[in-house]
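S.K.: Take a look at this one; I'll ask things after.
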Amino acid sequence: MRLTTLAAGLPLLFPSAALSQADAAAGGTLNPEELTLNRVMKDVAEGHTSMTICATGYYMTKSGRHAMARELFERCAAAGWTGAMTWMSQLDDNGLGGIEDPDAAAEWDRRAAEAGDPVGKLNYGLDLMRGRGVAEDRALGRRYVDDAARSGLPTAKRLQASDYDLDVVTPDADNWKYAPAF
């Protein structure tokens, strides 16, 4: 008796194959991928961006999927997401998913800064103060840092308080990277 009762309930739990085939024939997607990186990339390829979708690039790059993160961040940056612009800068500055390109990194920082992003302002200020990817202009760099500090960015405030000592925000172990090329 117990098996009969269980068997009678199975059609309620598992739709019949005929119904599933009818749904598929009607143009639906059966059991679509959800919460996967492939789904995120599909959504972005279809022109869908959101804060959540664009933030997924963080996990991509932290897991070593730099080329995938680059594709995602480029599309999100094109849609105006400034956080994606600062991540593109990080990828270009460190040669992740592409060649190291300080000029491209500084351009991403400039775009984020001009769009009002405090992190973009700080980073572009640092680029200008170091002369990395752009012509060195310490006075203009300080103005960008000051603007980021006025936005409340703690790192920018710390840099101001140190009288713009770049070692405060960048370990001296990285000085080789930020030294002038000539």
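Identifiers in this document derive from the order of the structure tokens: chains are assigned A, B, ..., residues are numbered from 1 separately in each chain, and ligands are numbered from 1 in order of occurrence.
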How would you write, as a PyMOL selection string, the set of residues in segment 66-145 of chain A that DSSP gives as helix (DSSP H, G or I)?
M.R.: chain A and resi 66-78+82-94+102-114+118-130+138-145
S.K.: Rank nothing, just name the residue among A:Gly131, A:Gly116, A:Gly125, A:Pro32 nearest to Gln160 of chain A, using only C-alpha atoms.
M.R.: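 Smallest distance to Gln160 of chain A is found for A:Gly125.
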S.K.: Do you know which residues are at most 12 Å from segment 42-44 of chain A counting only C-alpha atoms, after dropping those on the same chain fewer than 3 positions away, and could you put them as a short mmCIF file (atom, residue, chain, number, x, y, z; two decimals) with N, CA and C atoms, in the first residue's frame?
M.R.:
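Below is the file part.cif, written as the result:
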```
data_model
loop_
_atom_site.label_atom_id
_atom_site.label_comp_id
_atom_site.auth_asym_id
_atom_site.auth_seq_id
_atom_site.Cartn_x
_atom_site.Cartn_y
_atom_site.Cartn_z
N PRO A 32 17.20 26.08 -17.02
CA PRO A 32 18.29 26.97 -17.43
C PRO A 32 19.36 27.07 -16.35
N GLU A 33 20.57 27.36 -16.77
CA GLU A 33 21.66 27.56 -15.81
C GLU A 33 21.34 28.80 -14.98
N GLU A 34 21.57 28.69 -13.70
CA GLU A 34 21.41 29.83 -12.81
C GLU A 34 22.60 29.85 -11.87
N LEU A 35 22.97 31.03 -11.45
CA LEU A 35 24.03 31.20 -10.46
C LEU A 35 25.34 30.56 -10.89
N THR A 36 25.65 30.65 -12.17
CA THR A 36 26.93 30.14 -12.67
C THR A 36 27.65 31.26 -13.40
N LEU A 37 28.94 31.12 -13.53
CA LEU A 37 29.70 32.11 -14.29
C LEU A 37 29.29 32.09 -15.76
N ASN A 38 28.96 30.91 -16.29
CA ASN A 38 28.50 30.83 -17.68
C ASN A 38 27.22 31.64 -17.86
N ARG A 39 26.32 31.58 -16.91
CA ARG A 39 25.07 32.33 -16.99
C ARG A 39 25.35 33.83 -16.95
N GLY A 47 23.69 41.82 -23.31
CA GLY A 47 23.54 43.23 -23.00
C GLY A 47 22.99 43.54 -21.63
N HIS A 48 22.87 42.54 -20.78
CA HIS A 48 22.35 42.76 -19.42
C HIS A 48 23.51 43.02 -18.47
N THR A 49 23.46 44.15 -17.79
CA THR A 49 24.44 44.42 -16.74
C THR A 49 23.68 44.93 -15.53
N SER A 50 24.25 44.69 -14.39
CA SER A 50 23.72 45.19 -13.13
C SER A 50 24.88 45.20 -12.15
N MET A 51 24.67 45.82 -11.02
CA MET A 51 25.71 45.82 -10.01
C MET A 51 26.11 44.40 -9.64
N THR A 52 25.12 43.53 -9.49
CA THR A 52 25.39 42.15 -9.10
C THR A 52 26.16 41.41 -10.18
N ILE A 53 25.72 41.54 -11.41
CA ILE A 53 26.41 40.86 -12.52
C ILE A 53 27.84 41.37 -12.62
N CYS A 54 28.02 42.68 -12.60
CA CYS A 54 29.36 43.25 -12.75
C CYS A 54 30.27 42.88 -11.58
N THR A 56 30.39 40.16 -10.11
CA THR A 56 30.83 38.77 -10.27
C THR A 56 32.25 38.70 -10.83
N GLY A 57 32.66 39.74 -11.55
CA GLY A 57 34.01 39.78 -12.09
C GLY A 57 35.07 39.70 -11.01
N MET A 68 38.18 35.96 -18.58
CA MET A 68 36.73 36.04 -18.40
C MET A 68 36.35 37.31 -17.65
N ALA A 69 37.11 37.63 -16.61
CA ALA A 69 36.85 38.85 -15.84
C ALA A 69 37.03 40.08 -16.72
N GLU A 71 36.61 40.32 -19.96
CA GLU A 71 35.46 40.42 -20.86
C GLU A 71 34.25 41.01 -20.12
N LEU A 72 34.00 40.51 -18.92
CA LEU A 72 32.88 41.00 -18.13
C LEU A 72 33.06 42.48 -17.78
N PHE A 73 34.24 42.83 -17.26
CA PHE A 73 34.47 44.21 -16.83
C PHE A 73 34.43 45.18 -18.01
N GLU A 74 34.93 44.77 -19.18
CA GLU A 74 34.88 45.65 -20.34
C GLU A 74 33.43 45.98 -20.71
N ARG A 75 32.58 44.96 -20.70
CA ARG A 75 31.17 45.18 -21.04
C ARG A 75 30.47 46.02 -19.97
N CYS A 76 30.79 45.76 -18.71
CA CYS A 76 30.18 46.53 -17.62
C CYS A 76 30.67 47.98 -17.65
N ALA A 77 31.96 48.18 -17.94
CA ALA A 77 32.49 49.54 -18.03
C ALA A 77 31.83 50.30 -19.18
N ALA A 78 31.62 49.61 -20.29
CA ALA A 78 30.95 50.24 -21.44
C ALA A 78 29.53 50.66 -21.07
N ALA A 79 28.93 49.95 -20.13
CA ALA A 79 27.57 50.29 -19.67
C ALA A 79 27.59 51.36 -18.58
#
```
S.K.: Under the rule that only C-alpha atoms are counted, which of A:Asp93, A:Ala112, A:Ile99, A:Val134 is the nearest residue to Lys177 of chain A?
M.R.: A:Asp93
S.K.: Smallest atom-to-atom distance to Asp117 of chain A: which of A:Gly97, A:Gly80, A:Gly64, A:Pro171, using only C-alpha atoms?
M.R.: A:Gly80
S.K.: My list of candidates is A:Ala148, A:Arg143, A:Thr61, A:Lys157. Which is closest to Asn94 of chain A when distances are computed with only C-alpha atoms?
M.R.: A:Thr61
